[in-house]
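Enquirer: One structure coming up, written as structure tokens, with questions to follow.
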Amino acid sequence: MTFSAEADGALSPPLWLLAELTYRCPLHCAFCSNPVDYARHPNELSTAQWVDVLRQGRALGAAQLGFSGGEPLLRDDLEELVAEARRLGFYTNLITSGIGLNEERLTALKTAGLDHIQLSFQDSTRELNDFLSNTKTFDLKKRVASAIKAHGFPMVMNCVLHRYNLPHVDKIIDMALAMGAEYLELANTQYYGWARANQAQLMPTAAQLQEAEAVVNRYRETIGERCKIYFVVPDYFENRPKRCMNGWGAVFLGIAPDGAALPCHTARSIPGLHFPSVLEHTLRDIWHDSAAFNRFRGLDWMKEPCRSCDEKHLDLGGCRCQAYLLTGDAANADPVCDKSSNHEKVIQVITAAAMRDRTEQPITFRNDKNSLALSAKASH
Ligand code: SF4
Ligand code: SF4
């Protein structure tokens with residue numbers, strides 16, 4: 001078995017630990033990356049169990065720590081966990097919708113030593129923000145953004161892009177600049193979780209993406225260092241896959257609310273893999289020895305055409321979740337690659353998107369009722 005992403009035989013530590021504190025969330029985003037069957041995983045680790053995870057993660061070598069969810073602010077112990085993370089020497093990032101981030105909690109999080117906040121918006125307009133999250137939260141989010149800056153936190157504004165809001169990219173950038181965000185992450189939708197359930201509605205056209213990228217580049221030329229804009233073209237529109245997570249089990253370790261350890265936060269979409277729980281195993285054993293983390297490490301697991309491909313060190317065969325979702329076999333080449341015999345499936349999706357009227361079918365919003373219905377349907 002060749003372990004590291006660089007195929008040099010050495011297994012790196014998990015540099016990036018993501019603590020998904022809860023799947024609960026006051027929003028119902030159409031593109032949420034939480035598992036579609038999240039309602040079947042209602043258990044959450046206790047404060048003491050999370051503290052133990054943080055200690056083990058730091059001892060393994062993790063340096064970056066994200067607190068996410070769901071909405072991590074729904075955990076009353078968030079400040080306690082941030083304080084422990086700070087004591088351990090992590091660089092901490094809170095990934096939040098902003099709902100629940102009031103003056104009192106911002107003060108407490110500052111005192112606890114939180115380093116960074118990533119605040120999500122769904123759009124630059126109230127209408128679309130509130131439609132896509134199925135809530136009335138736009139005005140509140142704007143107030144939260146001001147409060148974050150007033151408390152002196154560096155802020156990433158995050159906006160997931162798709163067919164509905166790509167034409168608003170200029171306004172979204174204007175909003176980030178007006179809010180004083182140091183970074184703007186324009187995250188083109190990845191079609192996992194709820195976004196996969198709504199793929200027909202959310203998939204953009206190639207023309208929309210080209211126009212948005214041109215707008216981003218124009219802003220980059222004029223705004224200088226004021227705000228760093230990240231914009232990555234979604235891989236459905238390219239002919240080589242991304243080096244997903246920098247390799248399976250290479251640098252990323254995610255812990256789901258119930259304690260399942262994941263090599264990627266969407267890995268639960270792959271059936272047949274048993275993701276070990278931190279309630280039963282140490283993080284060291286999970287990272288080094290578990291079957292799930294070793295399943296797609298390195299290059300030895302590859303089938304053709306990846307196995308004999310001279311580009312395999314570059315993209316490591318792409319995304320395992322995408323390979324499963326589009327081909328039914330997670331060990332296949334990511335079908336985004338035009339060397340894959342399944343590449344036609346990707347072409348069909350984007351061709352259909354170009355011809356489709358987005359109002360043809362309703363959006364399935366993320367909520368408990370839809371989660372239980374979709375997971376019941378999937379198990380039949
Ligand atoms: S994407 Fe939306 S629904 Fe999902 S966790 Fe984030 S804020 Fe909540
Ligand atoms: S065949 Fe596999 S390794 Fe080669 S470029 Fe395509 S996805 Fe990457």
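In the structure tokens, each chain is lettered A, B, ... as it comes, each chain's residues begin at 1, and ligands are numbered from 1 in order of appearance.
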Enumerate residues in contact with ligand 1: an atom-to-atom distance of at most 8 Å, counting only C-alpha atoms and all ligand atoms. Format the result as a ChimeraX atom specification.
Expert: /A:23-34,68-71,96-97,120,133,366
Enquirer: Where in range 174-232 of chain A does DSSP assign strand (DSSP E or B), given as a compact mmCIF listing (two decimals) with N, CA and C atoms, in the first residue's frame?
Expert:
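See selection.txt below for the written result:
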# COMPACT_ATOMS: atom_id res chain seq x y z
N TYR A 183 -11.66 38.24 2.82
CA TYR A 183 -11.67 37.18 1.82
C TYR A 183 -13.11 36.96 1.35
N LEU A 184 -13.25 36.63 0.09
CA LEU A 184 -14.56 36.26 -0.43
C LEU A 184 -14.40 34.92 -1.13
N GLU A 185 -15.12 33.94 -0.62
CA GLU A 185 -15.06 32.62 -1.24
C GLU A 185 -16.31 32.44 -2.10
N LEU A 186 -16.12 32.50 -3.40
CA LEU A 186 -17.22 32.25 -4.34
C LEU A 186 -17.14 30.78 -4.70
N ALA A 187 -17.91 30.00 -3.96
CA ALA A 187 -17.75 28.54 -4.02
C ALA A 187 -18.77 27.96 -4.99
N ASN A 188 -18.35 27.65 -6.19
CA ASN A 188 -19.30 27.03 -7.12
C ASN A 188 -19.79 25.71 -6.52
N LYS A 228 -9.39 39.33 -0.94
CA LYS A 228 -8.89 38.26 -1.81
C LYS A 228 -10.09 37.41 -2.23
N ILE A 229 -10.28 37.27 -3.54
CA ILE A 229 -11.46 36.55 -4.04
C ILE A 229 -11.04 35.16 -4.54
N TYR A 230 -11.69 34.15 -3.98
CA TYR A 230 -11.48 32.78 -4.46
C TYR A 230 -12.65 32.42 -5.38
N PHE A 231 -12.33 31.95 -6.55
CA PHE A 231 -13.38 31.51 -7.49
C PHE A 231 -12.82 30.32 -8.25
Enquirer: For Ser341 in chain A, please output as a PyMOL selection string all residues within 12 Å (counting only C-alpha atoms; exclusion window: fewer than 4 positions along the same chain).
Expert: chain A and resi 304-306+323+326-327+332-337+345-347
Enquirer: Write the residues of the preceding selection, restricted to N, CA and C atoms, as a tab-separated table (two decimals), in the first residue's frame.
Expert:
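Final output, saved to selection_8.tsv:
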chain	number	residue	atom	x	y	z
A	304	GLU	N	-8.29	0.91	-14.09
A	304	GLU	CA	-8.08	1.62	-15.36
A	304	GLU	C	-9.26	2.57	-15.63
A	305	PRO	N	-9.06	3.70	-16.25
A	305	PRO	CA	-7.84	4.15	-16.91
A	305	PRO	C	-6.83	4.85	-15.98
A	306	CYS	N	-7.19	5.06	-14.71
A	306	CYS	CA	-6.28	5.80	-13.83
A	306	CYS	C	-4.97	5.03	-13.59
A	323	ALA	N	-17.30	9.98	-8.17
A	323	ALA	CA	-17.22	8.73	-8.93
A	323	ALA	C	-18.38	7.82	-8.55
A	326	LEU	N	-21.97	9.29	-9.71
A	326	LEU	CA	-22.26	9.29	-11.15
A	326	LEU	C	-22.06	7.94	-11.83
A	327	THR	N	-21.27	7.05	-11.22
A	327	THR	CA	-21.01	5.77	-11.90
A	327	THR	C	-21.43	4.56	-11.07
A	332	ASN	N	-14.02	3.96	-9.44
A	332	ASN	CA	-13.86	4.37	-10.84
A	332	ASN	C	-13.15	5.72	-10.93
A	333	ALA	N	-12.63	6.02	-12.11
A	333	ALA	CA	-12.12	7.37	-12.36
A	333	ALA	C	-13.27	8.36	-12.18
A	334	ASP	N	-12.96	9.52	-11.61
A	334	ASP	CA	-13.95	10.59	-11.54
A	334	ASP	C	-14.42	10.87	-12.98
A	335	PRO	N	-15.73	10.76	-13.24
A	335	PRO	CA	-16.19	10.88	-14.63
A	335	PRO	C	-16.06	12.28	-15.23
A	336	VAL	N	-15.65	13.24	-14.42
A	336	VAL	CA	-15.29	14.55	-14.99
A	336	VAL	C	-14.15	14.39	-16.00
A	337	CYS	N	-13.30	13.40	-15.80
A	337	CYS	CA	-12.15	13.18	-16.68
A	337	CYS	C	-12.61	12.67	-18.04
A	345	LYS	N	-21.69	10.93	-18.98
A	345	LYS	CA	-22.72	11.25	-17.96
A	345	LYS	C	-22.61	12.71	-17.53
A	346	VAL	N	-21.39	13.19	-17.44
A	346	VAL	CA	-21.18	14.60	-17.08
A	346	VAL	C	-21.66	15.50	-18.21
A	347	ILE	N	-21.33	15.11	-19.43
A	347	ILE	CA	-21.75	15.91	-20.59
A	347	ILE	C	-23.28	15.99	-20.65
Enquirer: Could you please write out, as a PyMOL selection string, every residue of range 187-355 of chain A that DSSP assigns to helix (DSSP H, G or I)?
Expert: chain A and resi 193-197+199-202+206-223+235-237+244-246+267-269+283-289+291-294+312-315+320-327+343-355
Enquirer: Which protein, DNA or RNA residues have an atom within 7 Å of ligand 2, counting only C-alpha atoms and all ligand atoms, as a ChimeraX atom specification?
Expert: /A:240-241,305-307,309-312,315-318,333-334,337-340
Enquirer: Just want the 12 Å neighbourhood of Val82 in chain A, counted on only C-alpha atoms, with same-chain residues fewer than 2 positions away dropped. Output as number ranges by chain.
Expert: A: 19, 21, 47, 50-51, 54, 65-68, 72-73, 75-80, 84-94, 105-106, 108-116
Enquirer: Write the selection just made, keeping N, CA and C atoms, as a compact mmCIF listing (two decimals), in the first residue's frame?
Expert:
# COMPACT_ATOMS: atom_id res chain seq x y z
N ALA A 19 -14.48 19.89 12.82
CA ALA A 19 -15.41 19.40 13.85
C ALA A 19 -16.82 19.83 13.46
N LEU A 21 -20.03 20.05 14.58
CA LEU A 21 -20.56 19.90 15.94
C LEU A 21 -21.99 19.40 15.95
N THR A 47 -19.68 17.55 25.25
CA THR A 47 -18.55 18.49 25.36
C THR A 47 -17.25 17.74 25.67
N TRP A 50 -15.94 15.92 22.66
CA TRP A 50 -15.30 16.81 21.68
C TRP A 50 -13.93 17.28 22.17
N VAL A 51 -13.84 17.60 23.45
CA VAL A 51 -12.54 18.03 23.99
C VAL A 51 -11.51 16.93 23.78
N LEU A 54 -10.40 16.95 20.19
CA LEU A 54 -9.47 18.06 19.89
C LEU A 54 -8.07 17.73 20.40
N LEU A 65 -8.22 24.14 12.64
CA LEU A 65 -9.45 23.53 13.15
C LEU A 65 -10.65 24.35 12.72
N GLY A 66 -11.59 23.71 12.05
CA GLY A 66 -12.84 24.36 11.69
C GLY A 66 -13.96 23.84 12.56
N PHE A 67 -14.79 24.76 13.08
CA PHE A 67 -16.03 24.37 13.77
C PHE A 67 -17.16 24.63 12.80
N SER A 68 -17.86 23.57 12.39
CA SER A 68 -18.93 23.77 11.43
C SER A 68 -20.13 22.93 11.83
N PRO A 72 -22.96 25.54 14.01
CA PRO A 72 -22.24 25.27 15.26
C PRO A 72 -22.68 26.14 16.43
N LEU A 73 -23.29 27.31 16.13
CA LEU A 73 -23.75 28.18 17.22
C LEU A 73 -24.91 27.56 17.99
N ARG A 75 -24.72 24.88 19.40
CA ARG A 75 -24.10 24.21 20.57
C ARG A 75 -23.75 25.28 21.61
N ASP A 76 -24.29 25.12 22.82
CA ASP A 76 -24.02 26.07 23.89
C ASP A 76 -22.57 26.01 24.36
N ASP A 77 -21.90 24.90 24.04
CA ASP A 77 -20.52 24.72 24.51
C ASP A 77 -19.49 25.19 23.48
N LEU A 78 -19.93 25.90 22.45
CA LEU A 78 -18.99 26.31 21.41
C LEU A 78 -17.82 27.12 21.99
N GLU A 79 -18.14 28.08 22.86
CA GLU A 79 -17.09 28.93 23.42
C GLU A 79 -16.09 28.08 24.23
N GLU A 80 -16.61 27.10 24.95
CA GLU A 80 -15.74 26.23 25.75
C GLU A 80 -14.80 25.43 24.84
N GLU A 84 -10.66 25.63 24.51
CA GLU A 84 -9.79 24.46 24.60
C GLU A 84 -8.89 24.36 23.37
N ALA A 85 -9.50 24.63 22.20
CA ALA A 85 -8.72 24.58 20.96
C ALA A 85 -7.59 25.60 21.00
N ARG A 86 -7.89 26.78 21.49
CA ARG A 86 -6.87 27.82 21.58
C ARG A 86 -5.74 27.38 22.52
N ARG A 87 -6.15 26.79 23.65
CA ARG A 87 -5.16 26.33 24.63
C ARG A 87 -4.23 25.27 24.01
N LEU A 88 -4.82 24.46 23.12
CA LEU A 88 -4.04 23.39 22.49
C LEU A 88 -3.14 23.91 21.36
N GLY A 89 -3.40 25.16 20.92
CA GLY A 89 -2.55 25.74 19.88
C GLY A 89 -3.10 25.64 18.47
N PHE A 90 -4.40 25.31 18.33
CA PHE A 90 -5.02 25.30 17.00
C PHE A 90 -5.23 26.72 16.49
N TYR A 91 -5.23 26.87 15.16
CA TYR A 91 -5.77 28.07 14.52
C TYR A 91 -7.24 27.76 14.24
N THR A 92 -8.14 28.57 14.79
CA THR A 92 -9.56 28.19 14.79
C THR A 92 -10.39 29.06 13.86
N ASN A 93 -11.32 28.41 13.19
CA ASN A 93 -12.21 29.08 12.25
C ASN A 93 -13.64 28.64 12.55
N LEU A 94 -14.53 29.60 12.69
CA LEU A 94 -15.95 29.29 12.88
C LEU A 94 -16.66 29.44 11.55
N ARG A 105 -22.32 36.53 22.33
CA ARG A 105 -21.54 35.37 21.89
C ARG A 105 -20.26 35.80 21.17
N LEU A 106 -20.35 36.90 20.43
CA LEU A 106 -19.13 37.39 19.77
C LEU A 106 -18.07 37.77 20.82
N ALA A 108 -17.86 36.57 23.84
CA ALA A 108 -17.38 35.34 24.48
C ALA A 108 -16.42 34.58 23.56
N LEU A 109 -16.72 34.57 22.27
CA LEU A 109 -15.83 33.87 21.33
C LEU A 109 -14.49 34.58 21.19
N LYS A 110 -14.53 35.91 21.25
CA LYS A 110 -13.28 36.68 21.19
C LYS A 110 -12.43 36.36 22.42
N THR A 111 -13.09 36.35 23.57
CA THR A 111 -12.39 36.05 24.82
C THR A 111 -11.81 34.63 24.79
N ALA A 112 -12.57 33.72 24.19
CA ALA A 112 -12.11 32.32 24.13
C ALA A 112 -10.93 32.15 23.18
N GLY A 113 -10.72 33.14 22.28
CA GLY A 113 -9.54 33.08 21.41
C GLY A 113 -9.83 32.67 19.98
N LEU A 114 -11.09 32.74 19.55
CA LEU A 114 -11.41 32.40 18.16
C LEU A 114 -10.62 33.30 17.21
N ASP A 115 -10.02 32.67 16.16
CA ASP A 115 -9.16 33.43 15.24
C ASP A 115 -9.89 34.03 14.06
N HIS A 116 -10.93 33.36 13.55
CA HIS A 116 -11.41 33.67 12.21
C HIS A 116 -12.88 33.28 12.10
Enquirer: As a PyMOL selection string, please: the residues near Ser375 in chain A (cut-off 12 Å, only C-alpha atoms, same-chain neighbours under 2 positions excluded).
Expert: chain A and resi 35-41+193-194+197+269+368-373+377-380
